[in-house]
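Engineer: Have a peek at entry_39.cif (mmCIF, C-alpha atoms).
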data_start
loop_
_atom_site.label_atom_id
_atom_site.label_comp_id
_atom_site.auth_asym_id
_atom_site.auth_seq_id
_atom_site.Cartn_x
_atom_site.Cartn_y
_atom_site.Cartn_z
CA MET A 1146 -77.39 -45.99 154.75
CA GLN A 1147 -77.79 -44.99 158.37
CA MET A 1148 -74.75 -43.84 160.33
CA ALA A 1149 -74.24 -43.62 164.07
CA VAL A 1150 -72.95 -40.07 164.41
CA ALA A 1151 -74.19 -36.98 162.62
CA VAL A 1152 -71.89 -34.09 161.75
CA ASN A 1153 -73.48 -30.81 160.72
CA ALA A 1154 -72.33 -28.33 158.11
CA SER A 1155 -70.19 -26.36 160.57
CA ASN A 1156 -68.34 -29.60 161.43
CA ASP A 1157 -69.56 -29.52 165.04
CA LYS A 1158 -70.10 -33.06 166.28
CA SER A 1159 -73.57 -33.98 167.49
CA LEU A 1160 -73.25 -37.14 169.59
CA SER A 1161 -76.01 -36.55 172.11
CA SER A 1162 -77.74 -39.82 171.21
CA CYS A 1163 -74.60 -41.80 170.38
CA ARG A 1164 -73.70 -44.86 172.48
CA VAL A 1165 -70.05 -45.87 172.56
CA LEU A 1166 -67.97 -48.70 174.01
CA VAL A 1167 -64.20 -48.16 174.20
CA THR A 1168 -61.97 -51.06 175.25
CA GLY A 1169 -58.73 -50.58 177.10
CA ALA A 1170 -60.06 -47.25 178.35
CA GLY A 1171 -58.52 -47.23 181.79
CA THR A 1172 -55.31 -45.56 180.64
CA GLY A 1173 -53.58 -43.95 177.70
CA ILE A 1174 -55.13 -43.81 174.26
CA GLY A 1175 -58.37 -45.59 175.18
CA ARG A 1176 -59.11 -43.30 178.11
CA GLY A 1177 -58.42 -40.24 175.96
CA VAL A 1178 -60.61 -41.53 173.15
CA GLY A 1179 -63.47 -42.18 175.55
CA LEU A 1180 -63.21 -38.72 177.10
CA GLU A 1181 -63.17 -37.12 173.66
CA PHE A 1182 -66.38 -38.92 172.65
CA ALA A 1183 -67.96 -37.95 175.97
CA ALA A 1184 -66.96 -34.29 175.55
CA ALA A 1185 -68.81 -34.35 172.23
CA GLY A 1186 -71.95 -35.62 173.95
CA ALA A 1187 -71.83 -39.41 173.63
CA ALA A 1188 -72.78 -41.90 176.34
CA LEU A 1189 -69.78 -44.08 177.19
CA VAL A 1190 -68.72 -47.41 178.56
CA PHE A 1191 -65.06 -47.36 179.59
CA HIS A 1192 -63.72 -50.92 179.61
CA TYR A 1193 -60.68 -51.81 181.71
CA SER A 1194 -58.92 -55.09 182.40
CA ALA A 1195 -57.01 -54.68 185.68
CA SER A 1196 -56.86 -51.47 187.72
CA SER A 1197 -60.17 -49.62 187.84
CA LEU A 1198 -58.68 -46.25 188.81
CA GLY A 1199 -58.28 -44.68 185.37
CA ALA A 1200 -61.66 -45.83 184.08
CA GLU A 1201 -63.48 -44.82 187.26
CA THR A 1202 -61.94 -41.34 187.31
CA ALA A 1203 -62.87 -40.94 183.64
CA VAL A 1204 -66.45 -41.88 184.49
CA GLU A 1205 -66.46 -39.35 187.35
CA GLU A 1206 -65.22 -36.66 184.96
CA VAL A 1207 -68.00 -37.44 182.48
CA LEU A 1208 -70.67 -37.48 185.19
CA ARG A 1209 -69.50 -34.14 186.61
CA ALA A 1210 -69.92 -32.66 183.14
CA GLY A 1211 -73.50 -33.94 182.99
CA GLY A 1212 -72.80 -36.92 180.74
CA SER A 1213 -73.53 -40.63 181.01
CA ALA A 1214 -70.79 -43.20 181.55
CA LYS A 1215 -69.92 -46.47 183.26
CA ALA A 1216 -66.73 -48.46 183.82
CA ILE A 1217 -66.86 -52.23 183.19
CA GLN A 1218 -64.08 -54.71 183.89
CA ALA A 1219 -63.34 -57.71 181.68
CA ASP A 1220 -60.35 -59.90 180.90
CA LEU A 1221 -60.10 -60.04 177.11
CA ASN A 1222 -58.21 -63.33 177.41
CA ASP A 1223 -61.53 -64.92 178.39
CA VAL A 1224 -64.31 -65.26 175.80
CA GLU A 1225 -66.98 -65.56 178.51
CA GLN A 1226 -65.87 -62.24 180.01
CA ILE A 1227 -65.82 -60.70 176.53
CA SER A 1228 -69.43 -61.80 176.08
CA ARG A 1229 -70.37 -60.35 179.47
CA LEU A 1230 -68.67 -57.04 178.63
CA GLY A 1231 -70.67 -56.71 175.43
CA SER A 1232 -73.95 -57.58 177.13
CA GLU A 1233 -73.42 -55.26 180.11
CA ALA A 1234 -72.36 -52.38 177.88
CA ILE A 1235 -75.43 -52.75 175.66
CA ASP A 1236 -77.71 -53.03 178.71
CA PHE A 1237 -76.30 -49.84 180.25
CA LEU A 1238 -76.29 -47.83 177.02
CA GLY A 1239 -79.60 -49.15 175.71
CA GLY A 1240 -77.93 -50.27 172.49
CA LEU A 1241 -74.63 -49.58 170.76
CA ASP A 1242 -73.66 -47.27 167.91
CA VAL A 1243 -69.85 -47.24 168.04
CA LEU A 1244 -67.31 -49.83 169.15
CA VAL A 1245 -63.72 -48.67 169.53
CA ASN A 1246 -61.47 -51.73 169.80
CA ASN A 1247 -58.45 -50.19 171.50
CA ALA A 1248 -57.36 -52.66 174.19
CA GLY A 1249 -53.95 -54.15 173.69
CA ILE A 1250 -50.72 -55.32 175.30
CA THR A 1251 -47.55 -53.55 174.23
CA LEU A 1252 -44.55 -55.87 174.38
CA THR A 1253 -40.86 -55.23 173.83
CA GLU A 1254 -39.07 -58.58 173.82
CA SER A 1255 -36.39 -60.23 171.71
CA PHE A 1256 -37.73 -62.86 169.31
CA ASP A 1257 -35.80 -65.74 170.93
CA ARG A 1258 -37.23 -64.98 174.38
CA VAL A 1259 -40.94 -64.97 173.49
CA SER A 1260 -42.63 -67.96 175.10
CA PRO A 1261 -45.74 -69.73 173.79
CA GLU A 1262 -47.61 -68.41 176.83
CA THR A 1263 -46.62 -64.81 176.07
CA TYR A 1264 -47.50 -65.32 172.41
CA ASP A 1265 -50.97 -66.56 173.35
CA GLU A 1266 -51.61 -63.74 175.81
CA VAL A 1267 -50.61 -60.95 173.42
CA PHE A 1268 -52.55 -62.37 170.49
CA ASN A 1269 -55.55 -63.15 172.69
CA VAL A 1270 -55.86 -59.60 173.99
CA ASN A 1271 -54.74 -57.66 170.91
CA MET A 1272 -56.56 -59.65 168.23
CA ARG A 1273 -58.77 -62.45 169.56
CA GLY A 1274 -60.51 -60.20 172.08
CA MET A 1275 -61.23 -57.63 169.36
CA TYR A 1276 -62.57 -60.33 167.06
CA PHE A 1277 -65.02 -61.90 169.50
CA LEU A 1278 -66.16 -58.66 171.14
CA THR A 1279 -67.10 -57.30 167.71
CA GLN A 1280 -68.96 -60.54 167.04
CA GLN A 1281 -70.76 -60.27 170.40
CA VAL A 1282 -72.06 -56.72 169.83
CA LEU A 1283 -72.84 -57.18 166.13
CA PRO A 1284 -76.64 -57.44 166.57
CA ALA A 1285 -76.73 -54.12 168.44
CA LEU A 1286 -74.54 -52.40 165.84
CA ARG A 1287 -76.72 -53.83 163.08
CA ASP A 1288 -79.83 -52.28 164.61
CA GLY A 1289 -78.59 -48.72 164.07
CA GLY A 1290 -76.13 -48.96 161.21
CA GLY A 1291 -73.17 -48.58 163.55
CA SER A 1292 -69.44 -48.16 163.23
CA VAL A 1293 -66.38 -50.09 164.38
CA VAL A 1294 -62.99 -48.42 164.83
CA ASN A 1295 -60.04 -50.76 165.38
CA VAL A 1296 -56.83 -49.35 166.82
CA SER A 1297 -53.72 -50.81 165.19
CA SER A 1298 -50.26 -49.18 165.23
CA ILE A 1299 -47.51 -47.78 163.04
CA HIS A 1300 -45.78 -51.07 163.92
CA ALA A 1301 -48.05 -52.72 161.34
CA TYR A 1302 -46.19 -50.77 158.63
CA ALA A 1303 -42.69 -50.08 159.96
CA ALA A 1304 -40.31 -52.32 161.90
CA MET A 1305 -38.63 -51.87 165.26
CA SER A 1306 -36.31 -54.35 166.90
CA GLU A 1307 -37.80 -56.59 169.61
CA HIS A 1308 -41.36 -55.91 168.49
CA SER A 1309 -41.98 -58.98 166.28
CA LEU A 1310 -44.90 -60.29 168.34
CA TYR A 1311 -46.55 -56.92 168.96
CA ALA A 1312 -46.16 -55.91 165.30
CA ALA A 1313 -47.65 -59.22 164.17
CA THR A 1314 -50.82 -58.53 166.14
CA LYS A 1315 -51.08 -55.00 164.78
CA GLY A 1316 -50.61 -56.21 161.21
CA ALA A 1317 -53.34 -58.78 161.82
CA ILE A 1318 -55.67 -55.97 162.94
CA VAL A 1319 -55.15 -54.15 159.62
CA ALA A 1320 -56.03 -57.30 157.66
CA PHE A 1321 -59.00 -58.02 159.93
CA THR A 1322 -60.29 -54.47 159.50
CA ARG A 1323 -60.10 -54.69 155.73
CA SER A 1324 -61.86 -58.05 155.43
CA LEU A 1325 -64.49 -57.41 158.09
CA ALA A 1326 -65.36 -54.06 156.51
CA LEU A 1327 -66.21 -55.77 153.23
CA GLU A 1328 -68.50 -58.21 155.00
CA LEU A 1329 -70.26 -55.80 157.38
CA ILE A 1330 -70.85 -52.92 154.97
CA LYS A 1331 -73.63 -55.08 153.56
CA GLN A 1332 -75.27 -54.74 156.97
CA ASP A 1333 -74.86 -50.95 157.12
CA ILE A 1334 -71.91 -51.22 159.52
CA ARG A 1335 -68.69 -49.46 158.60
CA VAL A 1336 -65.35 -50.78 159.86
CA ASN A 1337 -62.16 -48.70 159.77
CA GLY A 1338 -58.94 -48.48 161.71
CA ILE A 1339 -56.39 -46.08 163.15
CA ALA A 1340 -52.66 -46.78 163.23
CA PRO A 1341 -51.14 -44.31 165.69
CA GLY A 1342 -47.48 -43.38 165.64
CA TRP A 1343 -45.95 -41.89 168.76
CA ILE A 1344 -48.77 -40.88 171.09
CA LEU A 1345 -47.55 -39.55 174.42
CA VAL A 1346 -49.17 -41.42 177.30
CA GLU A 1347 -48.29 -41.97 180.95
CA LYS A 1348 -46.35 -45.20 180.44
CA HIS A 1349 -44.11 -43.58 177.82
CA ARG A 1350 -43.12 -40.81 180.21
CA ALA A 1351 -42.44 -43.36 182.94
CA ALA A 1352 -40.32 -45.53 180.63
CA MET A 1353 -38.03 -42.73 179.47
CA PRO A 1354 -34.65 -42.35 181.19
CA PRO A 1355 -34.06 -39.33 183.46
CA GLY A 1356 -33.35 -36.21 181.47
CA PHE A 1357 -34.92 -37.49 178.26
CA ASP A 1358 -35.21 -34.55 175.86
CA PHE A 1359 -38.81 -34.48 174.67
CA ASP A 1360 -38.18 -31.23 172.77
CA ALA A 1361 -35.48 -32.92 170.72
CA ALA A 1362 -37.75 -35.92 170.16
CA GLU A 1363 -40.52 -33.68 168.87
CA ARG A 1364 -38.14 -32.15 166.34
CA THR A 1365 -37.72 -35.57 164.72
CA ILE A 1366 -41.43 -35.63 163.86
CA PRO A 1367 -42.39 -33.63 160.75
CA ALA A 1368 -45.47 -32.20 162.47
CA GLY A 1369 -43.19 -30.78 165.18
CA PHE A 1370 -44.92 -32.37 168.16
CA ILE A 1371 -45.81 -35.73 169.68
CA GLY A 1372 -49.46 -36.72 169.36
CA THR A 1373 -51.88 -37.10 172.25
CA PRO A 1374 -54.78 -39.47 172.96
CA ARG A 1375 -57.06 -36.56 172.09
CA ASP A 1376 -55.74 -36.66 168.51
CA VAL A 1377 -56.72 -40.33 168.27
CA GLY A 1378 -60.13 -39.52 169.75
CA ARG A 1379 -60.82 -36.84 167.16
CA LEU A 1380 -60.00 -39.23 164.33
CA ALA A 1381 -62.12 -41.98 165.91
CA ILE A 1382 -65.08 -39.57 166.08
CA PHE A 1383 -64.60 -38.69 162.42
CA LEU A 1384 -64.44 -42.35 161.38
CA ALA A 1385 -67.66 -43.00 163.29
CA SER A 1386 -69.38 -40.02 161.69
CA GLU A 1387 -71.45 -39.28 158.62
CA GLY A 1388 -68.53 -37.16 157.45
CA SER A 1389 -66.54 -40.32 156.72
CA ARG A 1390 -69.42 -42.26 155.14
CA TYR A 1391 -67.37 -43.10 152.03
CA ILE A 1392 -64.41 -44.47 154.00
CA VAL A 1393 -64.67 -48.24 154.33
CA GLY A 1394 -62.06 -50.75 155.44
CA GLN A 1395 -59.21 -48.26 155.71
CA THR A 1396 -56.58 -48.02 158.44
CA ILE A 1397 -55.39 -44.44 158.69
CA LEU A 1398 -51.87 -43.65 159.85
CA LEU A 1399 -51.93 -40.99 162.56
CA ASP A 1400 -48.24 -40.32 163.05
CA GLY A 1401 -47.43 -36.66 162.47
CA GLY A 1402 -45.55 -37.65 159.34
CA GLN A 1403 -43.15 -40.11 161.01
CA SER A 1404 -43.63 -42.71 158.30
CA LEU A 1405 -42.77 -40.18 155.56
CA VAL A 1406 -39.14 -39.73 156.60
CA MET A 1407 -36.50 -41.59 154.63
CA PRO A 1408 -33.80 -43.28 156.75
CA LEU A 1409 -30.72 -41.06 157.12
CA ALA A 1410 -32.50 -38.25 155.26
CA ASP A 1411 -31.20 -35.55 157.59
CA ARG A 1412 -27.68 -36.99 157.59
CA ILE A 1413 -27.58 -37.13 153.78
CA SER A 1414 -28.82 -33.56 153.59
CA ASP A 1415 -26.04 -32.44 155.95
CA LEU A 1416 -23.37 -34.26 153.99
CA PHE A 1417 -24.35 -32.82 150.62
CA GLY A 1418 -25.45 -29.33 151.58
CA GLY A 1419 -29.16 -30.06 151.35
CA VAL A 1420 -29.10 -31.66 147.87
CA PRO A 1421 -28.04 -35.29 147.41
CA PRO A 1422 -25.73 -35.78 144.40
CA SER A 1423 -27.36 -36.96 141.21
CA ARG A 1424 -26.62 -40.45 140.07
CA PRO A 1425 -25.38 -40.85 136.50
CA GLU A 1426 -27.67 -42.78 134.24
#
Represent the supplied structure as structure tokens.
Structural biologist:
Amino acid sequence: MQMAVAVNASNDKSLSSCRVLVTGAGTGIGRGVGLEFAAAGAALVFHYSASSLGAETAVEEVLRAGGSAKAIQADLNDVEQISRLGSEAIDFLGGLDVLVNNAGITLTESFDRVSPETYDEVFNVNMRGMYFLTQQVLPALRDGGGSVVNVSSIHAYAAMSEHSLYAATKGAIVAFTRSLALELIKQDIRVNGIAPGWILVEKHRAAMPPGFDFDAAERTIPAGFIGTPRDVGRLAIFLASEGSRYIVGQTILLDGGQSLVMPLADRISDLFGGVPPSRPE
């Protein structure tokens, strides 16, 4: 089976001939993932939906470093624009080896206030866009035995109030990844996913109240720090590489151990001196 990215024995990534499309790459995780692939030598298309600033500055950064990159706009609500994005990316790159489906709308809204229009928009961008873009670029991926990496979220596995719609889309991505992987592995295309926990991006900093204690927040994460887009990029590169050739249809939690912590674990430990009382049989 042919894979898109080779990794040598010293674990250095060799992506000099790898062609990558990252959606939602104008800000946050997607931009960081694209820059990480580019730093490893890949040629990139940075997709963005609205403001071009983040994607264009990422392209400039790649070009200054001697790489190859282009920013392409498309509204993932629109299937015709999805088709155009796939075609333009393949034309620029001369093919496609890796698709990173990252684009998504994050929504915090109470269940009783979600309108049908909001429901459609969030599902269209987070799930429908991913579905039909992957379908559009499938022939190019098939040519080289490519890889698809779908970005889900810890919200697919753990609940948070006022995230019912967002979490539903992220759970759908996990199921889509699993089923599509089984179908496409027969065509030498591997499909896997990443479910990030807390990844610190610009919008998170902006949303926090004045004086928010990031040091205290980091202490709640077993790893001792909040992840960065670069962490997601490194995992995406691994999942697109020969080093992960036996990983198929999996969505990997990238959360610094957040999902390992039992509710009230620290409080129980404080109450009982570090050892919860045994329960009589």
Engineer: So which residues touch A:Glu1201 within 9 Å, counting all atoms listed in the file, skipping near sequence neighbours fewer than 6 positions away, as a JSON list (two decimals) with C-alpha atoms, keeping the file's coordinate frame?
Structural biologist:
[["chain", "number", "residue", "atom", "x", "y", "z"],
["A", 1171, "GLY", "CA", -58.52, -47.23, 181.79],
["A", 1191, "PHE", "CA", -65.06, -47.36, 179.59],
["A", 1215, "LYS", "CA", -69.92, -46.47, 183.26],
["A", 1216, "ALA", "CA", -66.73, -48.46, 183.82]]
Engineer: Applying 8 Å and all atoms listed in the file, which residues near A:Ser1297 remain after dropping the ones on its own chain fewer than 4 positions away? List them as a list in words.
Structural biologist: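 Those residues are Asn1247, Ala1301, Lys1315, Gly1316, Ile1318, Val1319, Gly1338, Ile1339, Ala1340, Pro1341 and Thr1396 of chain A.
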Engineer: Could you check how far atom CA of A:Phe1357 sits from atom CA of A:Leu1180, in Å to one decimal?
Structural biologist: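 Interatomic distance, atom CA of A:Phe1357 to atom CA of A:Leu1180: 28.3 Å.
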Engineer: Please, what distance in Å, to one decimal, runs between atom CA of A:Pro1374 and atom CA of A:Ala1203?
Structural biologist: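 Here the two named atoms are 13.5 Å from each other.
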Engineer: Which of these, A:Glu1181, A:Leu1329, A:Arg1390, A:Thr1168, has the shortest distance to A:Thr1373 once you count only C-alpha atoms?
Structural biologist: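 Answer, going by the shortest atom-to-atom distance: A:Glu1181.
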Engineer: Mind checking which residues fall within 12 Å of A:Phe1277, counting all atoms listed in the file, ignoring those fewer than 2 positions away in the same chain, and posting them as a list in words?
Structural biologist: Leu1221, Asn1222, Asp1223, Val1224, Glu1225, Gln1226, Ile1227, Ser1228, Arg1229, Leu1230, Gly1231, Asn1246, Asn1269, Val1270, Asn1271, Met1272, Arg1273, Gly1274, Met1275, Thr1279, Gln1280, Gln1281, Val1282, Leu1283 and Phe1321 of chain A
Engineer: What is the atom CA of A:Gly1212 to atom CA of A:Phe1237 distance in Å?
Structural biologist: 13.4 Å
Engineer: The PyMOL selection byres ((chain A and resi 1399) around 9) on the file shown: which residues, as an mmCIF file with C-alpha atoms, in the frame of the given file?
Structural biologist:
data_model
loop_
_atom_site.group_PDB
_atom_site.id
_atom_site.type_symbol
_atom_site.label_atom_id
_atom_site.label_comp_id
_atom_site.auth_asym_id
_atom_site.auth_seq_id
_atom_site.Cartn_x
_atom_site.Cartn_y
_atom_site.Cartn_z
ATOM 1 C CA SER A 1298 -50.260 -49.180 165.230
ATOM 2 C CA ILE A 1299 -47.510 -47.780 163.040
ATOM 3 C CA ILE A 1339 -56.390 -46.080 163.150
ATOM 4 C CA ALA A 1340 -52.660 -46.780 163.230
ATOM 5 C CA PRO A 1341 -51.140 -44.310 165.690
ATOM 6 C CA GLY A 1342 -47.480 -43.380 165.640
ATOM 7 C CA TRP A 1343 -45.950 -41.890 168.760
ATOM 8 C CA GLY A 1372 -49.460 -36.720 169.360
ATOM 9 C CA ASP A 1376 -55.740 -36.660 168.510
ATOM 10 C CA VAL A 1377 -56.720 -40.330 168.270
ATOM 11 C CA LEU A 1380 -60.000 -39.230 164.330
ATOM 12 C CA ILE A 1397 -55.390 -44.440 158.690
ATOM 13 C CA LEU A 1398 -51.870 -43.650 159.850
ATOM 14 C CA ASP A 1400 -48.240 -40.320 163.050
ATOM 15 C CA GLY A 1401 -47.430 -36.660 162.470
ATOM 16 C CA GLY A 1402 -45.550 -37.650 159.340
ATOM 17 C CA GLN A 1403 -43.150 -40.110 161.010
#
Engineer: Measuring atom to atom with all atoms listed in the file, identify which of A:Val1296, A:Met1353, A:Ala1195, A:Ala1185 is nearest to A:Val1167.
Structural biologist: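 For A:Val1167, the nearest of the given residues is A:Val1296.
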Engineer: Smallest atom-to-atom distance to A:Glu1307: which of A:Asp1288, A:Glu1262, A:Glu1233, A:Glu1254, using all atoms listed in the file?
Structural biologist: A:Glu1254
Engineer: Go through A:His1308, A:Leu1198, A:Ala1313, A:Gly1378 one by one, measure the shortest atom-to-atom distance of each to A:Gly1179 using all atoms listed in the file, and give the residue with the smallest value.
Structural biologist: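 Between A:His1308, A:Leu1198, A:Ala1313, A:Gly1378, the residue approaching A:Gly1179 most closely is A:Gly1378.
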Engineer: Need the shell around A:Ala1381: protein/DNA/RNA residues with any atom at most 8 Å away, counting only C-alpha atoms. Skip same-chain ones fewer than 6 positions apart. Format as JSON, numbers by chain?
Structural biologist: {"A": [1178, 1245, 1294, 1339]}
Engineer: If the PyMOL selection byres ((chain A and resi 1252) around 6) is run on the structure shown, which residues does it catch, given as a list in words?
Structural biologist: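 Written out, the selection comes to Thr1251, Thr1253 and Tyr1311 of chain A.
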Engineer: I need the output of the PyMOL selection byres ((chain A and resi 1333) around 9) for this file as a list in words; which residues are they?
Structural biologist: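 Evaluating the PyMOL selection byres ((chain A and resi 1333) around 9) on this file yields Met1146, Gln1147, Met1148, Leu1286, Arg1287, Gly1289, Gly1290, Gly1291, Ser1292, Leu1329, Ile1330, Lys1331, Gln1332, Ile1334 and Arg1335 of chain A.
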